[in-house]
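Visitor: Below you'll find the structure I mean.
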Amino acid sequence: MFRFLLVRIASAIPVLLVLSVATFAIIQAPPGDYSDYIRSQLINQGGASFEEADAQAQAYRKEHGLDQPLPIQYVNWMTGILTRGDFGHSLYYNKPVADVVGERLPRTLALALVCHFLASVIGISFGILAATRQYSWVDSLLSTVSFLGMTVPRFLMALIIVYVLVFHFNVSEINSFNSARYGGAPWSWDKFVDLVKHVWPVVAIATFGGLAYNMRVMRGNLLDTLNAQYVETARAKGLSESAVVMRHAVPNALHPLIMYQGVVLPYMLTGEIETAIIFALPTVGPAIVGSMWVGDVYVTATFMLVLSATLIVGNIIADLLLAALDPRVRMGGGAYA
């Protein structure tokens, strides 16, 4: 198993490097950079002439290395990461990119993990319930829920909830994690309840899509497993139906869902990001949009690199879970065993 893990990590490193190159190139593809944002700010708000604003913008580009060729900028960025752990300096936030990421990424990961846990537990439970009651009204209701969760865009659900909260319930504080009175207060039960009141729409929307997928896959696989010969043998031995389902059918039906864990965390992250943008929460989503808008390339590239690393780590964890659950993966892996 340890050798299996080392091989998977070694194979992930070049993938991450390729993703970093592609991400950096795509982000830099649109014309303009942060110096253009500086120029427009000087003209629109500072009252400077076009010549003065252009001169200051060019000086800013040279000072921060934005005038260098794209490969040179990428090499300098990666050299700082690999040698000093320096992800660059955020031009828009005027502080190290690591500080921006360290401030916003933990919130996003915490929300994504909560959504992942809820989507897995509820989705798998609903899938078992639907499969064991095939073609009943319960199965039809849960299948409808699954269909809606997989087809309705998450940003649309977020917009509808924002509209209802603001115009029907007069909720004014939807763009923060806590109310103003709890801003600097120490953690307490009341502050936690206030946090839940602010983040429940994000959790609910991101959970809904993952729940729908887990339920659909679990239902389909469990129905196939329940018709397998070894399940019929377990019934013939006199085991109760609940024992047959939970002890023999469910563990084997979980394999595709375990493999899905490799992409589920990035899926939950993107769900949280989409919803957080609508609600303007101080997480990764608004930071990515804001940095792309002003051309703060190092913030955008770092966040995308972190999300790519999350995808790779998720796939490694999924491989390990599948190998732990199914000995055939370990024994049949050859060099990976």
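Convention: chains lettered A, B, ... in structure tokens order; per-chain residue numbering from 1; ligands numbered from 1 as shown.
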If you run DSSP over the backbone, which residues in stretch 87-299 of chain A end up strand (DSSP E or B)? Put them as a list in words.
Guide: His89, Ser90, Lys95 and Pro96 of chain A
Visitor: Enumerate the residues of stretch 32-267 of chain A with a DSSP assignment of alpha helix (DSSP H), computed from the backbone, and present them as a short mmCIF file (atom, residue, chain, number, x, y, z; two decimals) with C-alpha atoms, in the first residue's frame.
Guide:
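Final output, out12.cif:
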```cif
data_model
loop_
_atom_site.label_atom_id
_atom_site.label_comp_id
_atom_site.auth_asym_id
_atom_site.auth_seq_id
_atom_site.Cartn_x
_atom_site.Cartn_y
_atom_site.Cartn_z
CA TYR A 34 -3.12 45.05 -13.48
CA SER A 35 -1.35 48.10 -14.89
CA ASP A 36 -4.36 48.71 -17.13
CA TYR A 37 -6.54 48.69 -14.04
CA ILE A 38 -4.18 51.24 -12.48
CA ARG A 39 -4.41 53.40 -15.61
CA SER A 40 -8.21 53.37 -15.63
CA GLN A 41 -8.38 54.16 -11.90
CA LEU A 42 -6.03 57.12 -12.30
CA ILE A 43 -8.06 58.52 -15.20
CA ASN A 44 -11.55 57.88 -13.84
CA PHE A 50 -4.07 59.81 -20.28
CA GLU A 51 -0.33 60.49 -20.72
CA GLU A 52 0.28 60.75 -16.96
CA ALA A 53 -1.78 57.65 -16.23
CA ASP A 54 -0.03 55.70 -18.98
CA ALA A 55 3.41 56.71 -17.69
CA GLN A 56 2.54 55.61 -14.15
CA ALA A 57 1.04 52.36 -15.42
CA GLN A 58 4.16 51.56 -17.45
CA ALA A 59 6.35 52.28 -14.46
CA TYR A 60 4.17 49.99 -12.37
CA ARG A 61 4.45 47.21 -14.97
CA LYS A 62 8.23 47.45 -14.98
CA GLU A 63 8.49 47.59 -11.19
CA LEU A 70 5.11 35.22 -20.18
CA PRO A 71 7.59 32.29 -19.80
CA ILE A 72 9.86 34.47 -17.66
CA GLN A 73 6.94 35.48 -15.43
CA TYR A 74 5.95 31.83 -15.01
CA VAL A 75 9.49 30.71 -14.20
CA ASN A 76 9.89 33.50 -11.63
CA TRP A 77 6.55 32.58 -10.07
CA MET A 78 7.35 28.85 -9.84
CA THR A 79 10.88 29.53 -8.61
CA GLY A 80 9.48 31.57 -5.73
CA ILE A 81 7.01 28.80 -4.87
CA LEU A 82 9.54 25.95 -4.99
CA THR A 83 12.47 27.69 -3.32
CA ARG A 84 10.87 30.08 -0.83
CA VAL A 97 -0.78 36.00 -2.07
CA ALA A 98 -0.20 33.39 0.64
CA ASP A 99 -2.02 35.67 3.11
CA VAL A 100 -4.98 36.05 0.74
CA VAL A 101 -5.16 32.30 0.21
CA GLY A 102 -4.66 31.55 3.89
CA GLU A 103 -7.50 33.88 4.79
CA ARG A 104 -10.09 32.59 2.31
CA LEU A 105 -9.20 29.00 1.45
CA PRO A 106 -9.87 27.47 4.92
CA ARG A 107 -13.40 28.87 4.88
CA THR A 108 -14.03 27.41 1.44
CA LEU A 109 -12.57 24.01 2.39
CA ALA A 110 -14.60 23.91 5.60
CA LEU A 111 -17.83 24.62 3.75
CA ALA A 112 -16.94 22.14 0.98
CA LEU A 113 -16.16 19.37 3.48
CA VAL A 114 -19.44 19.95 5.32
CA CYS A 115 -21.29 19.81 2.00
CA HIS A 116 -19.42 16.66 1.01
CA PHE A 117 -20.26 14.91 4.28
CA LEU A 118 -23.94 15.82 4.08
CA ALA A 119 -24.19 14.93 0.39
CA SER A 120 -22.55 11.54 0.97
CA VAL A 121 -24.56 10.53 4.03
CA ILE A 122 -27.93 11.77 2.79
CA GLY A 123 -27.39 10.79 -0.85
CA ILE A 124 -26.27 7.23 -0.08
CA SER A 125 -29.12 6.79 2.42
CA PHE A 126 -31.67 8.04 -0.12
CA GLY A 127 -30.15 5.77 -2.78
CA ILE A 128 -30.55 2.71 -0.55
CA LEU A 129 -34.09 3.75 0.32
CA ALA A 130 -35.03 4.24 -3.34
CA ALA A 131 -33.45 0.95 -4.49
CA THR A 132 -35.12 -1.15 -1.81
CA TRP A 137 -43.97 6.51 -4.54
CA VAL A 138 -40.85 6.88 -2.39
CA ASP A 139 -38.66 5.89 -5.35
CA SER A 140 -40.53 8.29 -7.65
CA LEU A 141 -40.21 11.19 -5.19
CA LEU A 142 -36.50 10.63 -4.59
CA SER A 143 -35.85 10.22 -8.32
CA THR A 144 -37.53 13.59 -8.90
CA VAL A 145 -35.29 15.14 -6.25
CA SER A 146 -32.24 13.60 -7.95
CA PHE A 147 -33.32 14.92 -11.35
CA LEU A 148 -33.75 18.47 -10.02
CA GLY A 149 -30.45 18.39 -8.18
CA MET A 150 -28.54 17.38 -11.29
CA THR A 151 -30.25 19.70 -13.77
CA ARG A 154 -26.57 26.14 -8.74
CA PHE A 155 -26.25 29.84 -9.50
CA LEU A 156 -29.96 29.91 -10.39
CA MET A 157 -30.89 28.33 -7.05
CA ALA A 158 -28.66 30.89 -5.33
CA LEU A 159 -30.32 33.80 -7.13
CA ILE A 160 -33.78 32.53 -6.19
CA ILE A 161 -32.82 32.16 -2.52
CA VAL A 162 -31.26 35.63 -2.48
CA TYR A 163 -34.43 37.10 -3.97
CA VAL A 164 -36.64 35.35 -1.42
CA LEU A 165 -34.45 36.29 1.54
CA VAL A 166 -34.08 39.94 0.58
CA PHE A 167 -37.51 40.80 -0.80
CA TRP A 189 -23.03 29.02 20.82
CA ASP A 190 -24.95 32.15 19.80
CA LYS A 191 -22.21 33.10 17.33
CA PHE A 192 -22.23 29.59 15.88
CA VAL A 193 -26.01 29.71 15.44
CA ASP A 194 -25.61 33.09 13.74
CA LEU A 195 -22.97 31.56 11.43
CA VAL A 196 -25.36 28.76 10.46
CA LYS A 197 -28.06 31.33 9.68
CA HIS A 198 -25.69 33.04 7.24
CA VAL A 199 -24.12 30.05 5.48
CA TRP A 200 -27.03 27.60 5.26
CA PRO A 201 -27.97 28.66 1.69
CA VAL A 202 -24.44 27.95 0.44
CA VAL A 203 -24.33 24.60 2.23
CA ALA A 204 -27.80 23.62 1.04
CA ILE A 205 -27.18 24.47 -2.62
CA ALA A 206 -23.75 22.85 -2.84
CA THR A 207 -25.03 19.77 -0.98
CA PHE A 208 -28.06 19.39 -3.23
CA GLY A 209 -26.08 18.65 -6.39
CA GLY A 210 -23.76 16.14 -4.71
CA LEU A 211 -26.67 14.51 -2.91
CA ALA A 212 -28.49 14.01 -6.20
CA TYR A 213 -25.50 12.36 -7.87
CA ASN A 214 -24.75 10.08 -4.90
CA MET A 215 -28.37 9.01 -4.69
CA ARG A 216 -28.65 8.25 -8.42
CA VAL A 217 -25.42 6.23 -8.57
CA MET A 218 -26.17 4.37 -5.34
CA ARG A 219 -29.67 3.45 -6.49
CA GLY A 220 -28.50 2.13 -9.85
CA ASN A 221 -25.59 0.12 -8.47
CA LEU A 222 -27.57 -1.29 -5.59
CA LEU A 223 -30.33 -2.47 -7.92
CA ASP A 224 -27.71 -4.33 -9.99
CA THR A 225 -26.08 -5.78 -6.89
CA LEU A 226 -29.37 -6.99 -5.42
CA GLN A 229 -25.99 -14.46 -7.54
CA TYR A 230 -24.18 -14.13 -4.19
CA VAL A 231 -27.02 -11.94 -2.92
CA GLU A 232 -29.54 -14.61 -3.92
CA THR A 233 -27.37 -17.15 -2.11
CA ALA A 234 -27.43 -15.02 1.04
CA ARG A 235 -31.22 -14.90 0.84
CA ALA A 236 -31.37 -18.65 0.36
CA GLU A 241 -33.55 -8.75 3.88
CA SER A 242 -31.94 -5.94 5.89
CA ALA A 243 -28.88 -8.12 6.56
CA VAL A 250 -24.33 -2.13 -0.05
CA PRO A 251 -20.54 -2.60 0.41
CA ASN A 252 -20.16 -3.79 -3.20
CA ALA A 253 -22.45 -1.08 -4.54
CA HIS A 255 -17.26 1.03 -5.26
CA PRO A 256 -18.29 3.56 -7.96
CA LEU A 257 -19.07 6.14 -5.28
CA ILE A 258 -15.64 5.68 -3.74
CA MET A 259 -14.02 6.22 -7.14
CA TYR A 260 -16.19 9.33 -7.47
CA GLN A 261 -14.56 10.76 -4.35
CA GLY A 262 -11.62 11.71 -6.54
CA VAL A 263 -13.65 14.50 -8.11
CA VAL A 264 -16.30 15.13 -5.47
CA LEU A 265 -14.25 17.58 -3.40
CA PRO A 266 -13.44 19.81 -6.40
CA TYR A 267 -17.13 19.49 -7.36
#
```
